[in-house]
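A.B. asks: PDB, C-alpha atoms, saved as coords-v3.pdb, coming up:
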ATOM      1  CA  MET P   1     -40.706  89.391 -59.020  1.00  0.00           C
ATOM      2  CA  THR P   2     -40.500  90.008 -55.518  1.00  0.00           C
ATOM      3  CA  VAL P   3     -38.145  88.670 -52.992  1.00  0.00           C
ATOM      4  CA  MET P   4     -40.690  86.237 -51.787  1.00  0.00           C
ATOM      5  CA  GLU P   5     -41.231  84.877 -55.189  1.00  0.00           C
ATOM      6  CA  TRP P   6     -37.498  84.608 -55.691  1.00  0.00           C
ATOM      7  CA  SER P   7     -37.157  82.903 -52.393  1.00  0.00           C
ATOM      8  CA  ALA P   8     -39.918  80.479 -53.259  1.00  0.00           C
ATOM      9  CA  LEU P   9     -38.338  79.853 -56.669  1.00  0.00           C
ATOM     10  CA  ILE P  10     -34.908  79.253 -55.092  1.00  0.00           C
ATOM     11  CA  ALA P  11     -36.491  77.052 -52.475  1.00  0.00           C
ATOM     12  CA  ALA P  12     -38.290  75.091 -55.187  1.00  0.00           C
ATOM     13  CA  ILE P  13     -35.074  74.734 -57.246  1.00  0.00           C
ATOM     14  CA  ALA P  14     -33.169  73.695 -54.128  1.00  0.00           C
ATOM     15  CA  PHE P  15     -35.891  71.188 -53.308  1.00  0.00           C
ATOM     16  CA  VAL P  16     -35.803  69.784 -56.836  1.00  0.00           C
ATOM     17  CA  ALA P  17     -31.972  69.652 -56.748  1.00  0.00           C
ATOM     18  CA  LEU P  18     -32.141  67.991 -53.367  1.00  0.00           C
ATOM     19  CA  ALA P  19     -34.734  65.486 -54.597  1.00  0.00           C
ATOM     20  CA  VAL P  20     -32.692  64.765 -57.733  1.00  0.00           C
ATOM     21  CA  GLY P  21     -29.570  64.352 -55.576  1.00  0.00           C
ATOM     22  CA  LEU P  22     -31.419  62.032 -53.251  1.00  0.00           C
ATOM     23  CA  LEU P  23     -32.789  60.038 -56.170  1.00  0.00           C
ATOM     24  CA  LEU P  24     -29.303  59.761 -57.700  1.00  0.00           C
ATOM     25  CA  GLY P  25     -27.930  58.725 -54.302  1.00  0.00           C
ATOM     26  CA  VAL P  26     -30.653  56.091 -53.886  1.00  0.00           C
ATOM     27  CA  TYR P  27     -30.090  54.872 -57.470  1.00  0.00           C
ATOM     28  CA  THR P  28     -26.315  54.629 -56.842  1.00  0.00           C
ATOM     29  CA  ALA P  29     -26.923  52.899 -53.512  1.00  0.00           C
ATOM     30  CA  LEU P  30     -29.283  50.413 -55.218  1.00  0.00           C
ATOM     31  CA  GLY P  31     -26.589  49.693 -57.835  1.00  0.00           C
ATOM     32  CA  ARG P  32     -24.031  49.140 -55.169  1.00  0.00           C
ATOM     33  CA  LEU P  33     -26.471  46.942 -53.210  1.00  0.00           C
ATOM     34  CA  ALA P  34     -27.068  44.876 -56.369  1.00  0.00           C
ATOM     35  CA  LYS P  35     -23.295  44.463 -56.834  1.00  0.00           C
ATOM     36  CA  LEU P  36     -22.967  43.600 -53.136  1.00  0.00           C
ATOM     37  CA  GLN P  37     -25.775  41.042 -53.464  1.00  0.00           C
ATOM     38  CA  VAL P  38     -24.031  39.421 -56.474  1.00  0.00           C
ATOM     39  CA  SER P  39     -20.745  39.416 -54.555  1.00  0.00           C
ATOM     40  CA  MET P  40     -22.446  37.892 -51.521  1.00  0.00           C
ATOM     41  CA  GLU P  41     -24.028  35.165 -53.682  1.00  0.00           C
ATOM     42  CA  GLU P  42     -20.616  34.381 -55.191  1.00  0.00           C
ATOM     43  CA  THR P  43     -19.105  34.310 -51.701  1.00  0.00           C
ATOM     44  CA  GLN P  44     -21.919  32.047 -50.545  1.00  0.00           C
ATOM     45  CA  ALA P  45     -21.246  29.684 -53.457  1.00  0.00           C
ATOM     46  CA  ASP P  46     -17.524  29.691 -52.608  1.00  0.00           C
ATOM     47  CA  ILE P  47     -18.389  28.996 -48.969  1.00  0.00           C
ATOM     48  CA  ARG P  48     -20.548  26.040 -50.052  1.00  0.00           C
ATOM     49  CA  GLN P  49     -17.674  24.632 -52.134  1.00  0.00           C
ATOM     50  CA  VAL P  50     -15.195  25.131 -49.308  1.00  0.00           C
ATOM     51  CA  SER P  51     -17.671  23.646 -46.853  1.00  0.00           C
ATOM     52  CA  SER P  52     -18.101  20.519 -48.970  1.00  0.00           C
ATOM     53  CA  LYS P  53     -14.317  20.235 -49.358  1.00  0.00           C
ATOM     54  CA  VAL P  54     -13.855  20.717 -45.602  1.00  0.00           C
ATOM     55  CA  GLY P  55     -16.544  18.088 -44.980  1.00  0.00           C
ATOM     56  CA  ALA P  56     -14.729  15.655 -47.267  1.00  0.00           C
ATOM     57  CA  PHE P  57     -11.463  16.542 -45.565  1.00  0.00           C
ATOM     58  CA  ALA P  58     -13.061  16.037 -42.157  1.00  0.00           C
ATOM     59  CA  ASP P  59     -14.316  12.609 -43.251  1.00  0.00           C
ATOM     60  CA  THR P  60     -10.844  11.710 -44.512  1.00  0.00           C
ATOM     61  CA  ALA P  61      -9.281  13.061 -41.314  1.00  0.00           C
ATOM     62  CA  GLY P  62     -11.766  11.049 -39.254  1.00  0.00           C
ATOM     63  CA  GLN P  63     -10.868   7.899 -41.160  1.00  0.00           C
ATOM     64  CA  THR P  64      -7.174   8.680 -40.728  1.00  0.00           C
ATOM     65  CA  VAL P  65      -7.629   9.194 -36.998  1.00  0.00           C
ATOM     66  CA  GLN P  66      -9.582   5.919 -36.759  1.00  0.00           C
ATOM     67  CA  THR P  67      -6.855   4.091 -38.707  1.00  0.00           C
ATOM     68  CA  ALA P  68      -4.177   5.609 -36.475  1.00  0.00           C
ATOM     69  CA  HIS P  69      -6.201   4.575 -33.401  1.00  0.00           C
ATOM     70  CA  ASN P  70      -6.485   0.997 -34.690  1.00  0.00           C
ATOM     71  CA  GLN P  71      -2.775   0.896 -35.453  1.00  0.00           C
ATOM     72  CA  LEU P  72      -1.958   2.211 -31.985  1.00  0.00           C
ATOM     73  CA  GLN P  73      -4.125  -0.506 -30.458  1.00  0.00           C
ATOM     74  CA  GLN P  74      -2.319  -3.113 -32.539  1.00  0.00           C
ATOM     75  CA  ALA P  75       1.030  -1.607 -31.544  1.00  0.00           C
ATOM     76  CA  GLY P  76      -0.075  -1.834 -27.912  1.00  0.00           C
ATOM     77  CA  ILE P  77      -0.826  -5.520 -28.389  1.00  0.00           C
ATOM     78  CA  LEU P  78       2.558  -5.942 -30.081  1.00  0.00           C
ATOM     79  CA  PHE P  79       4.365  -4.191 -27.223  1.00  0.00           C
ATOM     80  CA  GLU P  80       2.498  -6.363 -24.729  1.00  0.00           C
ATOM     81  CA  ALA P  81       3.578  -9.482 -26.640  1.00  0.00           C
ATOM     82  CA  VAL P  82       7.174  -8.225 -26.733  1.00  0.00           C
ATOM     83  CA  GLY P  83       6.983  -7.680 -22.964  1.00  0.00           C
ATOM     84  CA  GLN P  84       5.748 -11.224 -22.479  1.00  0.00           C
ATOM     85  CA  ILE P  85       8.554 -12.510 -24.697  1.00  0.00           C
ATOM     86  CA  GLY P  86      11.011 -10.533 -22.568  1.00  0.00           C
ATOM     87  CA  GLU P  87       9.586 -12.080 -19.407  1.00  0.00           C
ATOM     88  CA  THR P  88       9.828 -15.537 -20.978  1.00  0.00           C
ATOM     89  CA  ILE P  89      13.437 -14.883 -21.926  1.00  0.00           C
ATOM     90  CA  GLY P  90      14.107 -13.739 -18.362  1.00  0.00           C
ATOM     91  CA  HIS P  91      12.557 -16.893 -16.921  1.00  0.00           C
ATOM     92  CA  THR P  92      14.484 -19.019 -19.420  1.00  0.00           C
ATOM     93  CA  THR P  93      17.711 -17.267 -18.487  1.00  0.00           C
ATOM     94  CA  LYS P  94      17.061 -17.894 -14.794  1.00  0.00           C
ATOM     95  CA  ALA P  95      16.316 -21.551 -15.511  1.00  0.00           C
ATOM     96  CA  ILE P  96      19.498 -21.863 -17.578  1.00  0.00           C
ATOM     97  CA  ASN P  97      21.487 -20.253 -14.753  1.00  0.00           C
ATOM     98  CA  ARG P  98      20.012 -22.702 -12.253  1.00  0.00           C
ATOM     99  CA  VAL P  99      20.717 -25.668 -14.556  1.00  0.00           C
ATOM    100  CA  SER P 100      24.268 -24.483 -15.212  1.00  0.00           C
ATOM    101  CA  GLY P 101      24.761 -24.051 -11.448  1.00  0.00           C
ATOM    102  CA  VAL P 102      23.546 -27.593 -10.833  1.00  0.00           C
ATOM    103  CA  LEU P 103      25.754 -28.901 -13.648  1.00  0.00           C
ATOM    104  CA  SER P 104      28.716 -26.974 -12.267  1.00  0.00           C
ATOM    105  CA  GLN P 105      28.154 -28.371  -8.776  1.00  0.00           C
ATOM    106  CA  SER P 106      27.782 -31.847 -10.239  1.00  0.00           C
ATOM    107  CA  ALA P 107      31.018 -31.447 -12.216  1.00  0.00           C
ATOM    108  CA  VAL P 108      32.831 -30.289  -9.079  1.00  0.00           C
ATOM    109  CA  LYS P 109      31.488 -33.284  -7.131  1.00  0.00           C
ATOM    110  CA  HIS P 110      32.550 -35.668  -9.912  1.00  0.00           C
ATOM    111  CA  ALA P 111      35.990 -34.059 -10.056  1.00  0.00           C
ATOM    112  CA  GLU P 112      36.334 -34.333  -6.278  1.00  0.00           C
ATOM    113  CA  SER P 113      35.125 -37.923  -6.406  1.00  0.00           C
ATOM    114  CA  ALA P 114      37.607 -38.740  -9.180  1.00  0.00           C
ATOM    115  CA  ALA P 115      40.414 -37.125  -7.176  1.00  0.00           C
ATOM    116  CA  ALA P 116      39.399 -39.120  -4.105  1.00  0.00           C
ATOM    117  CA  GLU P 117      39.345 -42.296  -6.186  1.00  0.00           C
ATOM    118  CA  ARG P 118      42.801 -41.509  -7.548  1.00  0.00           C
ATOM    119  CA  GLN P 119      44.054 -40.908  -4.019  1.00  0.00           C
ATOM    120  CA  ALA P 120      42.498 -44.162  -2.834  1.00  0.00           C
ATOM    121  CA  SER P 121      43.982 -45.989  -5.810  1.00  0.00           C
ATOM    122  CA  THR P 122      47.411 -44.526  -5.107  1.00  0.00           C
ATOM    123  CA  MET P 123      47.093 -45.396  -1.434  1.00  0.00           C
ATOM    124  CA  LEU P 124      46.107 -48.973  -2.316  1.00  0.00           C
ATOM    125  CA  GLU P 125      49.085 -49.255  -4.650  1.00  0.00           C
ATOM    126  CA  TRP P 126      51.415 -48.081  -1.845  1.00  0.00           C
ATOM    127  CA  MET P 127      49.775 -50.492   0.574  1.00  0.00           C
ATOM    128  CA  GLU P 128      50.190 -53.289  -1.939  1.00  0.00           C
ATOM    129  CA  LEU P 129      53.826 -52.328  -2.446  1.00  0.00           C
ATOM    130  CA  GLY P 130      54.346 -52.170   1.323  1.00  0.00           C
ATOM    131  CA  MET P 131      52.612 -55.496   1.803  1.00  0.00           C
ATOM    132  CA  SER P 132      54.757 -57.087  -0.926  1.00  0.00           C
ATOM    133  CA  PHE P 133      57.883 -55.684   0.710  1.00  0.00           C
ATOM    134  CA  TRP P 134      56.827 -56.952   4.136  1.00  0.00           C
ATOM    135  CA  GLN P 135      56.040 -60.420   2.752  1.00  0.00           C
ATOM    136  CA  GLN P 136      59.366 -60.521   0.958  1.00  0.00           C
ATOM    137  CA  TRP P 137      61.132 -59.423   4.100  1.00  0.00           C
ATOM    138  CA  GLN P 138      59.321 -62.076   6.166  1.00  0.00           C
ATOM    139  CA  THR P 139      60.175 -64.735   3.634  1.00  0.00           C
ATOM    140  CA  ASN P 140      63.838 -63.763   3.584  1.00  0.00           C
ATOM    141  CA  ARG P 141      64.013 -63.471   7.341  1.00  0.00           C
ATOM    142  CA  LYS P 142      62.620 -66.957   7.859  1.00  0.00           C
ATOM    143  CA  ARG P 143      65.051 -68.372   5.370  1.00  0.00           C
ATOM    144  CA  TYR P 144      68.037 -66.767   7.072  1.00  0.00           C
ATOM    145  CA  ASP P 145      66.833 -67.561  10.584  1.00  0.00           C
ATOM    146  CA  GLN P 146      66.698 -71.315  10.022  1.00  0.00           C
ATOM    147  CA  PRO P 147      69.538 -73.406  11.475  1.00  0.00           C
ATOM    148  CA  GLY P 148      72.098 -74.621   9.041  1.00  0.00           C
ATOM    149  CA  ASN P 149      72.379 -71.486   7.068  1.00  0.00           C
ATOM    150  CA  GLY P 150      75.687 -70.773   8.485  1.00  0.00           C
ATOM    151  CA  GLN P 151      74.736 -67.382   9.584  1.00  0.00           C
ATOM    152  CA  GLY P 152      73.971 -68.018  13.191  1.00  0.00           C
ATOM    153  CA  GLU P 153      77.117 -70.289  13.785  1.00  0.00           C
TER     154      GLU P 153
END
In structure tokens, write the structure found in this file.

C.D. replies:
Amino acid sequence: MTVMEWSALIAAIAFVALAVGLLLGVYTALGRLAKLQVSMEETQADIRQVSSKVGAFADTAGQTVQTAHNQLQQAGILFEAVGQIGETIGHTTKAINRVSGVLSQSAVKHAESAAAERQASTMLEWMELGMSFWQQWQTNRKRYDQPGNGQGE
């Protein structure tokens, strides 16, 4: 066997070894691709389950947000009503203050009027006393001024 033949034989063996290696590599790659495909299908199934759960959660969250929105609107109405009640209480307080002021002024006027009446009554009593004294004095003076009393003789 000549060198050429040996070279051809070695080249043929190397080609066969290379082909076998490539075939083994392709076979291994196909096995790994099959495992990857199974894994991807499992992942896809998990994603579908998670997606349906997230969809249900999103629906629940949407309902919760809508409920919270409705409750906030109702709370807004409640706060508005409380504000109106506060305004009403303020107006009522002002009215009560005005009424109490009027009542206070009226009480002062009645007290002043009563004091004036008491003063007038006291003054009339003194005038009556003075008038009685003057009449008594006049009566006594006339009695003593008449002749025959023995006072002027």

A.B. asks: Report the distance between CA of Gln66 (chain P) and CA of Gln84 (chain P) in Å, rounded to one decimal place.

C.D. replies: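 We find that CA of Gln66 (chain P) and CA of Gln84 (chain P) lie 27.1 Å from each other.
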
A.B. asks: Where's the centre, and what are the edge lengths in Å to one decimal, of a box along x, y and z enclosing all listed atoms of region 95-98 of chain P padded 4 Å per side, as AutoDock Vina command-line options?

C.D. replies:
--center_x 18.9 --center_y -21.5 --center_z -14.9 --size_x 13.2 --size_y 10.4 --size_z 13.3

A.B. asks: Figure out the distance between CA of Gly62 (chain P) and CA of Gly76 (chain P), please, to one decimal in Å.

C.D. replies: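 Straight-line distance from CA of Gly76 (chain P) to CA of Gly62 (chain P) works out to 20.8 Å.
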
A.B. asks: Between CA of Gln37 (chain P) and CA of Lys53 (chain P), what is the spacing in Å?

C.D. replies: 24.1 Å
